[in-house]
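Asks: The structure under discussion is supplied below as structure tokens; questions concerning it will follow.
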Amino acid sequence: MLFDRKTYLNPLLTTLLLASGSYVAAQDIAIQVKDSDRKSLANANIWVNGKLQGLTDGQGHLLFPRPQTKTVHIRVSHTGYPERMHRVNLDTVSAPILVAMHDQQKLDEVVVTAGRKPESLANIPSSISILTAKEIEAQSQISTNIASVLGNTIPGLGVATPKGTNSGQTLRGRAVLVLIDGIPQSTPLMNGARDIRSIDPSVIERVEVIKGATSIYGNGSAGGIINYITRKNSPDDKAIGGLTTLRGTVNPYHNKETEGYRFSQTLYGRQEKFSYTASGAVDYTGLQRDGDGVPLGQTDGLSNSRSYNAFLKLGYDIDPSSSLSLVYNFFNSLQDARYISQNGKYGQNATIGVRGIDPGENTGTSYNHNAMLTYAKQQLFGQTSLNASVYYNTFRSMNRYVERANSWYGPGQSQINSDKKGFRVDLNTPFRVGQMLGGVTYGLDLLNDVTYQDLTDGRVFVPKMDMFNYAPFAQLTLNVLENLVFKGGVRYEDATVKINDFETLPTGPGTEGSIAVEGGTIPYRGTTFNAGLRFNKYAFFNPFVSFSQGFTINELGRIVRNATDSDLANIQTDPIVTNNYEAGFSSQFSIFNLSAAYFISTSKLGVNLTADDRGYFFPERAPERIHGVEVAVDARISAKWSLGGTYAYVEGKLKEEDGTRTYLSGARIGPPKATGYINYLPTAALDLQLSWVHTGNRDRFLPNANGLYLGNQGPVTTVDMLNFNAGYKINRHWSVGLGVANLLNEDYYSVYSQFAATDANYVKGEGANMSLNLNYRF
């Protein structure tokens, strides 16, 4: 057996160094990594100022050469743990640099979305939900529709529908801003409700959901943020690795034409300073049937739809303190329907699918391209770090063809088009005032958003809205006391929307109801603030309070397309400024993790889509108040058993001109939602989970004089759903998974079909759907 000096001497030298206590004078710096039980953690990856130093030994130790700088940035990763990031002043080091790694349930998981920089969850005074790669993989065995994955797991977010849109899937009763690596996917100027389902889950590393209005991001974040963070490039020196996935789906009770399939391939690797991740996926959904085996109505449905996703991430380490990365993602999902809808009668019988050919073009997301180039630099000047990105997004969605529309006369099919170009620069400067540590994150966002909606026959439904948004911001973090963290920030919005002269579409024969509107420029100016405190001394009680504002130019397209005045200046196009007040806490004690929050969200001028007796929707501008509560609890009973659940309740009203208060519609406010799960690991290779999703009752409106409910005001009754998923690791290369959505094959109407209160949308939910997954890692 050959003698490897490095294998034996590195732990020995580290041990001698630990015993001597002479860290400042030494040429090498010692680091020690431990797990949540304070046990040494071997094989943890260590980066110093962006450069990989190696793996910790059996005692969790690693030595690295002392750099020339006084301050170093240390990043530690290990399979099964969230990454840890530390900034260390070497002049103060008199013992090994200790890094404690915790599992995914711990409070100090690092997040990036809330403050636009990596920071501990325990320091953020707001409600945040994290969906990890492991959780996404498990939920994807039940459904690869990311809208369903989020709706089944995130408190405060509405459940998904068996549709290609996320209509009614609001966050705390307001519109949510969806991002991919910080690139906005939402189209707040004209909401097409296809932003949540805009990426394949196979390329998502984690999802960070920030609840409530946030002034650190711009237009569209009145209800919060969903940020899809894509897979990181491989940190090791492997030239090539990968994951291959094959999937088959079928309705186990009524299988005719329900077969679906999925194939995805991911490759990743690193070669010296270069790193890469490349992925492609194709996903086909067969015919969807309800619990009785009847084909679902095809209104914006997912039956016989095929989606494609292509992803590429390239990285280059310029030097130990700076890097470049390029990210590109393409998503497409269109329905090639073999069935058409046969309308039922709302409240009596369901709209179902019957054999036929839809006369319009395939509905869904025609394309969604995202590209971003990012430059990151540590110690740009002093201890200030820089992160600068330039990005581009182009998106088109196709709505269903209708013989009769509620917004224009005659048949037609509309599509929403959006092109965004943006620049974002973030700088972070840490500082010390006496014994208080702090930091300032500041920067600038530039965004050009061109959005419009036209019909496939050439008619213009919503004119081009050309918005340029300039928004400087600053965010302060200050440890006021040892365990009291203050965060406060300000953001100034300066947006201008240009609209050319246009004519609204006729609502009757010829030009009946059409109005010629003189275009112009709509200026938007506003300053939003946020402030919060979090006390994180005790793990068993970690409370916070916060106030934050959001700025949204929401549904401007609906407002101008329903213009009743020929002068754009006379149309009420004021922005929505949302005030969000929140108090909550998180807690760890014994085997339990608990979090709870109560919130109030107000706006002096909201936008609520209201229907009249003819079925026409118009945007109602009125003051709004929304409040609610969210609770989440997890318990690790033993090494094999764990369970948990969530509960969320949201309610909201608007104030009419006469002072009366009326409830917000079901398109904004969902019924109470509860979820639960139980996990069992009989062996290290086998993982079993049974999950439950419950939506309660919400009956706030009366039918009109004709005994009919207006659109989005239908009563919602209880729905309970059980799902099952299992994963088995055959060896380190091969694994299999089994998932069953709607395990008991419940026959039910979805929440959306109930509150929508229209014949065409009165569609049942999907019956049982089983999937079998085969994975190969190399």
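Note on naming: chains are A, B, ... as they come in the structure tokens, residues start from 1 per chain, ligands start from 1 in the order shown.
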Return as CSV the residues of stretch 292-402 of chain A lying at most 12 Å from stretch 242-266 of chain A, together with the closest atom-to-atom pair for each and the distance in Å to one decimal, counting only C-alpha atoms, with rows in chain order and ascending residue number.
Replies:
residue,atom,partner,partner_atom,distance
A:Asp292,CA,A:His254,CA,8.0
A:Gly293,CA,A:His254,CA,5.3
A:Val294,CA,A:His254,CA,8.7
A:Pro295,CA,A:Thr258,CA,9.5
A:Leu296,CA,A:Thr258,CA,11.4
A:Leu302,CA,A:Gly260,CA,11.5
A:Ser303,CA,A:Thr258,CA,8.5
A:Asn304,CA,A:Gly260,CA,8.5
A:Ser305,CA,A:Gly260,CA,9.5
A:Arg306,CA,A:Gly260,CA,9.5
A:Ser307,CA,A:Arg262,CA,9.5
A:Tyr308,CA,A:Ser264,CA,9.6
A:Asn309,CA,A:Ser264,CA,9.0
A:Ala310,CA,A:Ser264,CA,9.7
A:Phe311,CA,A:Thr266,CA,8.9
A:Leu312,CA,A:Thr266,CA,9.7
A:Lys313,CA,A:Thr266,CA,11.3
A:Arg338,CA,A:Glu257,CA,10.4
A:Tyr339,CA,A:Glu257,CA,11.4
Asks: Do you know which residues are at most 7 Å from A:Phe585 counting only C-alpha atoms, after dropping those on the same chain fewer than 5 positions away, and could you put them as a PDB file with N, CA and C atoms, in the first residue's frame?
Replies:
ATOM      1  N   PHE A 541     -38.482  30.638  19.906  1.00  0.00           N
ATOM      2  CA  PHE A 541     -39.389  31.741  19.594  1.00  0.00           C
ATOM      3  C   PHE A 541     -38.601  32.819  18.852  1.00  0.00           C
ATOM      4  N   ASN A 542     -38.868  32.921  17.557  1.00  0.00           N
ATOM      5  CA  ASN A 542     -38.130  33.814  16.679  1.00  0.00           C
ATOM      6  C   ASN A 542     -39.149  34.750  16.014  1.00  0.00           C
ATOM      7  N   PRO A 543     -39.556  35.837  16.709  1.00  0.00           N
ATOM      8  CA  PRO A 543     -40.661  36.665  16.203  1.00  0.00           C
ATOM      9  C   PRO A 543     -40.188  37.757  15.244  1.00  0.00           C
ATOM     10  N   PHE A 544     -41.146  38.283  14.441  1.00  0.00           N
ATOM     11  CA  PHE A 544     -40.855  39.403  13.568  1.00  0.00           C
ATOM     12  C   PHE A 544     -42.104  40.246  13.379  1.00  0.00           C
ATOM     13  N   SER A 595     -44.279  27.713  12.349  1.00  0.00           N
ATOM     14  CA  SER A 595     -44.270  29.110  11.934  1.00  0.00           C
ATOM     15  C   SER A 595     -45.709  29.575  11.784  1.00  0.00           C
ATOM     16  N   ALA A 596     -45.934  30.852  12.050  1.00  0.00           N
ATOM     17  CA  ALA A 596     -47.281  31.418  11.948  1.00  0.00           C
ATOM     18  C   ALA A 596     -47.154  32.906  11.642  1.00  0.00           C
ATOM     19  N   ALA A 597     -48.141  33.438  10.939  1.00  0.00           N
ATOM     20  CA  ALA A 597     -48.134  34.864  10.597  1.00  0.00           C
ATOM     21  C   ALA A 597     -49.569  35.347  10.427  1.00  0.00           C
TER      22      ALA A 597
END
Asks: Tell me which of A:Val327, A:Val76, A:Leu171, A:Ile136 sits closest to A:Val110, counting only C-alpha atoms.
Replies: A:Val76
Asks: Env of stretch 82-93 of chain A: 6 Å cut, atoms = only C-alpha atoms, seq-sep filter 2 positions within chain, self excluded. Answer as an NGL selection string.
Replies: :A and (70-77 or 95)
Asks: Can you spit out the residues from that selection as a PDB file, in the first residue's frame, using N, CA and C atoms?
Replies:
ATOM      1  N   LYS A  70      -7.888  40.860   4.022  1.00  0.00           N
ATOM      2  CA  LYS A  70      -8.253  40.703   5.424  1.00  0.00           C
ATOM      3  C   LYS A  70      -9.583  39.972   5.592  1.00  0.00           C
ATOM      4  N   THR A  71     -10.466  40.121   4.601  1.00  0.00           N
ATOM      5  CA  THR A  71     -11.794  39.511   4.672  1.00  0.00           C
ATOM      6  C   THR A  71     -11.934  38.480   3.572  1.00  0.00           C
ATOM      7  N   VAL A  72     -12.512  37.333   3.900  1.00  0.00           N
ATOM      8  CA  VAL A  72     -12.735  36.284   2.914  1.00  0.00           C
ATOM      9  C   VAL A  72     -14.213  35.903   2.922  1.00  0.00           C
ATOM     10  N   HIS A  73     -14.678  35.439   1.760  1.00  0.00           N
ATOM     11  CA  HIS A  73     -16.033  34.923   1.618  1.00  0.00           C
ATOM     12  C   HIS A  73     -15.944  33.411   1.505  1.00  0.00           C
ATOM     13  N   ILE A  74     -16.559  32.717   2.438  1.00  0.00           N
ATOM     14  CA  ILE A  74     -16.485  31.267   2.499  1.00  0.00           C
ATOM     15  C   ILE A  74     -17.858  30.687   2.178  1.00  0.00           C
ATOM     16  N   ARG A  75     -17.864  29.735   1.258  1.00  0.00           N
ATOM     17  CA  ARG A  75     -19.101  29.029   0.912  1.00  0.00           C
ATOM     18  C   ARG A  75     -18.889  27.547   1.151  1.00  0.00           C
ATOM     19  N   VAL A  76     -19.868  26.919   1.809  1.00  0.00           N
ATOM     20  CA  VAL A  76     -19.782  25.505   2.157  1.00  0.00           C
ATOM     21  C   VAL A  76     -21.034  24.807   1.651  1.00  0.00           C
ATOM     22  N   SER A  77     -20.842  23.674   0.988  1.00  0.00           N
ATOM     23  CA  SER A  77     -21.990  22.891   0.525  1.00  0.00           C
ATOM     24  C   SER A  77     -21.752  21.428   0.820  1.00  0.00           C
ATOM     25  N   ALA A  95      -9.472  30.993  16.420  1.00  0.00           N
ATOM     26  CA  ALA A  95      -9.895  29.599  16.554  1.00  0.00           C
ATOM     27  C   ALA A  95     -10.295  29.131  15.164  1.00  0.00           C
TER      28      ALA A  95
END
Asks: Counting only C-alpha atoms, which of A:Leu533, A:Leu484, A:Gly765, A:Tyr217 gets nearest to A:Leu444?
Replies: A:Tyr217
Asks: When DSSP is applied to the backbone of this structure, which of stretch 449-661 of chain A are assigned strand (DSSP E or B)? Write them out as a PyMOL selection string.
Replies: chain A and resi 449-455+460-481+484-499+502-503+516-518+520-535+538+541-552+567+576-589+592-611+617-636+641-655+661
Asks: Hey, which of A:Thr69, A:Asn343, A:Asn483, A:Asn219 ends up closest to A:Phe551? Count only C-alpha atoms.
Replies: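 Result for the nearest residue to A:Phe551: A:Asn219.
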Asks: Looking at A:Gly532, A:Leu476, A:Ser603, A:Met190, which one is nearest to A:Asp454, with distances taken over only C-alpha atoms?
Replies: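 Smallest separation from A:Asp454 among the options: A:Met190.
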Asks: Between atom CA of A:Glu651 and atom CA of A:Tyr581, what distance in Å does the model show, to one decimal?
Replies: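 Value for the atom CA of A:Glu651-atom CA of A:Tyr581 distance: 14.8 Å.
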Asks: For A:Asn370, please output as a PyMOL selection string all residues within 12 Å (counting only C-alpha atoms; exclusion window: fewer than 5 positions along the same chain).
Replies: chain A and resi 179-185+198-199+230+309-313+326-332+390-395+418-422
Asks: For A:Val99, work out the shell of residues within 7 Å, counting only C-alpha atoms and skipping chain neighbours fewer than 5 positions away, then give it as number ranges by chain.
Replies: A: 32-34
Asks: Looking at A:Ile591, A:Ile340, A:Ile576, A:Ala239, which one is nearest to A:Gly220, with distances taken over only C-alpha atoms?
Replies: A:Ile576
